[in-house]
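Written out below as structure tokens is the structure these notes cover.
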Amino acid sequence: MVDIRFDGKVAIVTGAGGGLGRQHALELARRGAKVLVNDLGGSMDGSGGGSDAANKVVEEIKAAGGEALSNGSSVTDDAGVALMVKQAMDAWGRIDILIANAGILRDKTFAKMEIADFEVVLDVHLLGTVKPAKAVWEIMRQQNYGRIVVTTSSSGLYGNFGQSNYGAAKLGIIGFMNTLKLEGQKNNIHVNAIAPVAATRMTEGLMPPAVLEKLKPEYVTPGVVFLCSEEAPTGAILTAGAGAFALSRIVETEGVYLGDDGLSVEEVRDNWARITDAEGQQAYQTGGEQTAKVFRKMQGG
């Protein structure tokens, strides 16, 4: 079996000062990639900052014989993101991989949550994914090669109490990915998502130590690094935790055509079982496929 290597490739990993991002950066470097380690160095709620965390990861990579740079920019700051990309380009002349991993938490029930807490989480997770992706997009297009891994969450895919802000941001990232996977295809840019279950600073107070021990970030990283490889799919949502890997899909039932003669609220109610019948449900690759189904149903198909 041939090992997956990244010799000659350049990667940017955001939020890589600890937890998942650190593991992703270390593994990419171990497999030959040059890595720009980005981390704002703030607290879990996004306050504060400093470059110590990123610098330590760079030192680890260099001590193991790898090549790395540190960057302390916020992924929400346009100038900071531009600097991050410039650093990588000035040093290595290309960018092949972006892992958008940076994030914060401001957990509260929606009743108690301030709009400011909603906005800052959307800003860091959603725009903090969009801005680095935008900054490397043209570089990857010119190269006719790129691999982008965005970070979603079960909170976005399925919901989680007290995380309306985080869940909204994390599912928004999937909508972003679903368009980039289409726009990047002709230039060999593959865009995928990871939905991790891991013991990090964000989860350490939520589970007992024995469980956290089985949820080490390094058990997620193999999936992420595969999504960075030349063999990666595009448009996949990979769930990973404790060594378990699965594919998450958004599916749509075949449904039923009720027609426009006498269509009423009551007909929707009376046909609910047929509308929600899972037999024949599909995971579409584009929005146009859903529209095509609607026209097919209109024509009696």
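Letters for chains follow the order of the structure tokens (A, B, ...), residue numbers begin at 1 for each chain, and ligand numbers begin at 1 in the order shown.
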- Message: Give me, as an MDAnalysis selection string, the residues of range 6-185 of chain A that a backbone DSSP run labels helix (DSSP H, G or I).
- Response: chainID A and resid 19:30 52:63 78:92 115:143 154:157 164:183 185
Determine, for each residue of range 137-184 of chain A having at least one atom at most 7 Å from an atom of range 79-97 of chain A, the closest pair of atoms and their separation in Å to one decimal, counting only C-alpha atoms; order by chain and ascending number, as CSV.
```
residue,atom,partner,partner_atom,distance
A:Ile139,CA,A:Ile95,CA,7.0
A:Met140,CA,A:Asp96,CA,6.7
A:Tyr145,CA,A:Asp96,CA,6.6
A:Gly146,CA,A:Asp96,CA,4.9
A:Arg147,CA,A:Ile97,CA,4.8
A:Ile148,CA,A:Ile97,CA,5.8
```
- Within range 127-297 of chain A, find each residue whose DSSP state, derived from the backbone, is strand (DSSP E or B), and express the selection as a ChimeraX atom specification. /A:146-151,163,189-196,237-241,244-248,252,282
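Taking CA of Asp123 in chain A and CA of Ala198 in chain A as endpoints, the distance between them is 22.6 Å.
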For Val149 in chain A: contacts at 12 Å, only C-alpha atoms, fewer than 5 positions along chain excluded, given as a CSV table (one decimal) with N, CA and C atoms, in the first residue's frame:
```csv
chain,number,residue,atom,x,y,z
A,11,ALA,N,0.3,23.8,3.1
A,11,ALA,CA,-1.0,23.8,3.7
A,11,ALA,C,-1.1,25.0,4.7
A,12,ILE,N,-2.3,25.5,4.8
A,12,ILE,CA,-2.7,26.5,5.9
A,12,ILE,C,-3.7,25.8,6.8
A,13,VAL,N,-3.5,25.8,8.1
A,13,VAL,CA,-4.4,25.2,9.0
A,13,VAL,C,-4.8,26.3,10.0
A,14,THR,N,-6.1,26.7,10.0
A,14,THR,CA,-6.5,27.8,11.0
A,14,THR,C,-6.9,27.2,12.3
A,21,GLY,N,-6.9,21.3,15.3
A,21,GLY,CA,-6.0,21.9,14.3
A,21,GLY,C,-4.6,21.6,14.5
A,24,HIS,N,-4.0,18.2,13.0
A,24,HIS,CA,-4.0,18.2,11.6
A,24,HIS,C,-2.7,18.8,11.0
A,96,ASP,N,-1.7,24.7,-1.5
A,96,ASP,CA,-2.4,23.6,-2.0
A,96,ASP,C,-3.6,23.2,-1.1
A,97,ILE,N,-3.5,23.4,0.2
A,97,ILE,CA,-4.5,22.9,1.2
A,97,ILE,C,-4.9,24.0,2.1
A,98,LEU,N,-6.2,24.1,2.4
A,98,LEU,CA,-6.7,25.0,3.5
A,98,LEU,C,-7.6,24.1,4.4
A,99,ILE,N,-7.2,24.0,5.6
A,99,ILE,CA,-8.1,23.4,6.6
A,99,ILE,C,-8.7,24.6,7.5
A,100,ALA,N,-10.0,24.8,7.3
A,100,ALA,CA,-10.6,25.9,8.1
A,100,ALA,C,-11.2,25.3,9.4
A,101,ASN,N,-10.4,25.5,10.4
A,101,ASN,CA,-10.7,24.8,11.7
A,101,ASN,C,-11.0,25.7,12.8
A,102,ALA,N,-10.6,27.0,12.7
A,102,ALA,CA,-10.8,27.9,13.8
A,102,ALA,C,-12.2,28.1,14.3
A,129,THR,N,-14.5,31.0,7.9
A,129,THR,CA,-14.2,29.9,6.8
A,129,THR,C,-14.2,30.6,5.4
A,130,VAL,N,-15.2,31.4,5.2
A,130,VAL,CA,-15.3,32.1,3.9
A,130,VAL,C,-14.1,32.9,3.6
A,132,PRO,N,-10.8,33.0,4.6
A,132,PRO,CA,-9.6,32.3,4.1
A,132,PRO,C,-9.8,31.5,2.8
A,133,ALA,N,-11.0,30.9,2.6
A,133,ALA,CA,-11.2,30.2,1.4
A,133,ALA,C,-11.2,31.2,0.2
A,173,ILE,N,-21.9,26.6,6.9
A,173,ILE,CA,-20.7,26.2,6.3
A,173,ILE,C,-21.0,25.1,5.2
A,174,ILE,N,-21.9,24.2,5.5
A,174,ILE,CA,-22.3,23.2,4.6
A,174,ILE,C,-22.9,23.7,3.3
A,176,PHE,N,-22.2,26.6,2.1
A,176,PHE,CA,-21.0,27.2,1.4
A,176,PHE,C,-20.3,26.2,0.7
A,177,MET,N,-20.0,25.0,1.3
A,177,MET,CA,-19.3,23.9,0.7
A,177,MET,C,-20.0,23.4,-0.5
A,180,LEU,N,-19.2,25.6,-3.4
A,180,LEU,CA,-17.8,25.6,-3.8
A,180,LEU,C,-17.4,24.3,-4.5
A,181,LYS,N,-18.0,23.2,-4.1
A,181,LYS,CA,-17.7,21.9,-4.7
A,181,LYS,C,-18.0,21.9,-6.2
A,189,ILE,N,-10.3,21.7,-7.7
A,189,ILE,CA,-10.4,22.1,-6.3
A,189,ILE,C,-11.5,21.3,-5.6
A,190,HIS,N,-11.1,20.5,-4.7
A,190,HIS,CA,-12.1,19.6,-4.0
A,190,HIS,C,-12.4,20.2,-2.6
A,191,VAL,N,-13.6,20.3,-2.3
A,191,VAL,CA,-14.0,20.9,-1.0
A,191,VAL,C,-14.9,19.9,-0.2
A,192,ASN,N,-14.5,19.6,1.0
A,192,ASN,CA,-15.2,18.7,1.8
A,192,ASN,C,-15.3,19.2,3.2
A,193,ALA,N,-16.1,18.5,4.0
A,193,ALA,CA,-16.4,18.9,5.4
A,193,ALA,C,-16.1,17.8,6.4
A,194,ILE,N,-15.6,18.1,7.5
A,194,ILE,CA,-15.4,17.2,8.6
A,194,ILE,C,-16.3,17.6,9.8
A,195,ALA,N,-17.0,16.6,10.3
A,195,ALA,CA,-17.9,16.8,11.5
A,195,ALA,C,-17.2,16.0,12.6
A,221,THR,N,-8.1,13.2,12.9
A,221,THR,CA,-7.1,13.7,11.9
A,221,THR,C,-6.9,12.8,10.7
A,223,GLY,N,-9.0,11.2,9.0
A,223,GLY,CA,-10.1,11.5,8.0
A,223,GLY,C,-9.8,12.8,7.3
A,224,VAL,N,-9.4,13.8,8.1
A,224,VAL,CA,-9.2,15.2,7.6
A,224,VAL,C,-8.0,15.1,6.6
A,225,VAL,N,-7.0,14.4,7.0
A,225,VAL,CA,-5.8,14.4,6.1
A,225,VAL,C,-6.1,13.7,4.8
A,226,PHE,N,-6.9,12.6,4.8
A,226,PHE,CA,-7.4,12.0,3.6
A,226,PHE,C,-8.1,13.0,2.7
A,227,LEU,N,-9.0,13.8,3.3
A,227,LEU,CA,-9.7,14.8,2.6
A,227,LEU,C,-8.8,15.9,2.0
A,228,CYS,N,-7.6,16.0,2.4
A,228,CYS,CA,-6.6,16.9,1.9
A,228,CYS,C,-5.8,16.3,0.7
A,229,SER,N,-6.0,15.0,0.5
A,229,SER,CA,-5.1,14.3,-0.4
A,229,SER,C,-5.6,14.4,-1.9
A,232,ALA,N,-8.9,12.6,-2.6
A,232,ALA,CA,-10.1,13.1,-1.9
A,232,ALA,C,-11.3,13.2,-2.8
A,233,PRO,N,-12.5,12.9,-2.3
A,233,PRO,CA,-13.7,13.1,-3.0
A,233,PRO,C,-14.0,14.6,-3.0
A,234,THR,N,-15.1,15.1,-3.4
A,234,THR,CA,-15.5,16.4,-3.2
A,234,THR,C,-17.0,16.5,-2.8
A,235,GLY,N,-17.3,17.4,-1.9
A,235,GLY,CA,-18.7,17.6,-1.4
A,235,GLY,C,-19.1,16.6,-0.3
A,236,ALA,N,-18.1,15.9,0.3
A,236,ALA,CA,-18.5,14.9,1.3
A,236,ALA,C,-18.5,15.6,2.7
A,237,ILE,N,-19.4,15.1,3.5
A,237,ILE,CA,-19.5,15.4,4.9
A,237,ILE,C,-19.1,14.2,5.7
A,238,LEU,N,-17.8,14.2,6.2
A,238,LEU,CA,-17.3,13.0,6.9
A,238,LEU,C,-17.4,13.3,8.4
```
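With CA of Val75 in chain A on one side and CA of Asp117 in chain A on the other, the separation reads 17.1 Å.
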Using only C-alpha atoms, which residues sit within 9 Å of Ser154 in chain A once same-chain residues fewer than 4 positions away are excluded, as a tab-separated table (two decimals) with N, CA and C atoms, in the first residue's frame?
```tsv
chain	number	residue	atom	x	y	z
A	158	TYR	N	-27.66	18.29	13.05
A	158	TYR	CA	-28.78	17.66	13.74
A	158	TYR	C	-29.35	18.46	14.91
A	159	GLY	N	-28.64	19.49	15.35
A	159	GLY	CA	-29.11	20.31	16.47
A	159	GLY	C	-28.49	19.91	17.79
A	160	ASN	N	-28.37	20.88	18.67
A	160	ASN	CA	-27.84	20.63	20.01
A	160	ASN	C	-28.33	21.73	20.94
A	167	GLY	N	-24.81	26.11	15.85
A	167	GLY	CA	-25.47	25.24	14.88
A	167	GLY	C	-25.78	25.95	13.58
A	170	LYS	N	-22.53	26.38	11.69
A	170	LYS	CA	-21.98	25.12	11.20
A	170	LYS	C	-22.77	24.55	10.02
A	171	LEU	N	-24.09	24.76	10.00
A	171	LEU	CA	-24.84	24.31	8.83
A	171	LEU	C	-24.67	25.28	7.67
A	195	ALA	N	-17.03	16.60	10.32
A	195	ALA	CA	-17.87	16.81	11.50
A	195	ALA	C	-17.25	16.00	12.63
A	196	PRO	N	-16.39	16.61	13.43
A	196	PRO	CA	-15.62	15.85	14.41
A	196	PRO	C	-16.33	15.68	15.76
A	197	VAL	N	-16.03	14.55	16.40
A	197	VAL	CA	-16.38	14.35	17.81
A	197	VAL	C	-15.05	14.12	18.51
A	239	THR	N	-18.07	12.34	9.07
A	239	THR	CA	-18.14	12.40	10.54
A	239	THR	C	-17.04	11.51	11.10
```
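Separating CA of Gly103 in chain A from CA of Val121 in chain A is a distance of 7.8 Å.
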- Note on the structure: Across A:Ala33, A:Leu20, A:Leu40, A:Gly255, the smallest distance to Arg274 in chain A, with only C-alpha atoms counted, is shown by A:Gly255
- So which residues touch Lys112 in chain A within 12 Å, counting only C-alpha atoms, skipping near sequence neighbours fewer than 3 positions away, as a ChimeraX atom specification? /A:106-109,115-118,162-165
- Counting only C-alpha atoms, which of A:Ile275, A:Val37, A:Ala169, A:Ala240 gets nearest to Glu59 in chain A? A:Val37
- Note on the structure: Of A:Ile4, A:Ala210, A:Val256, A:Ala244, the one sitting nearest Gln281 in chain A when using only C-alpha atoms is A:Val256
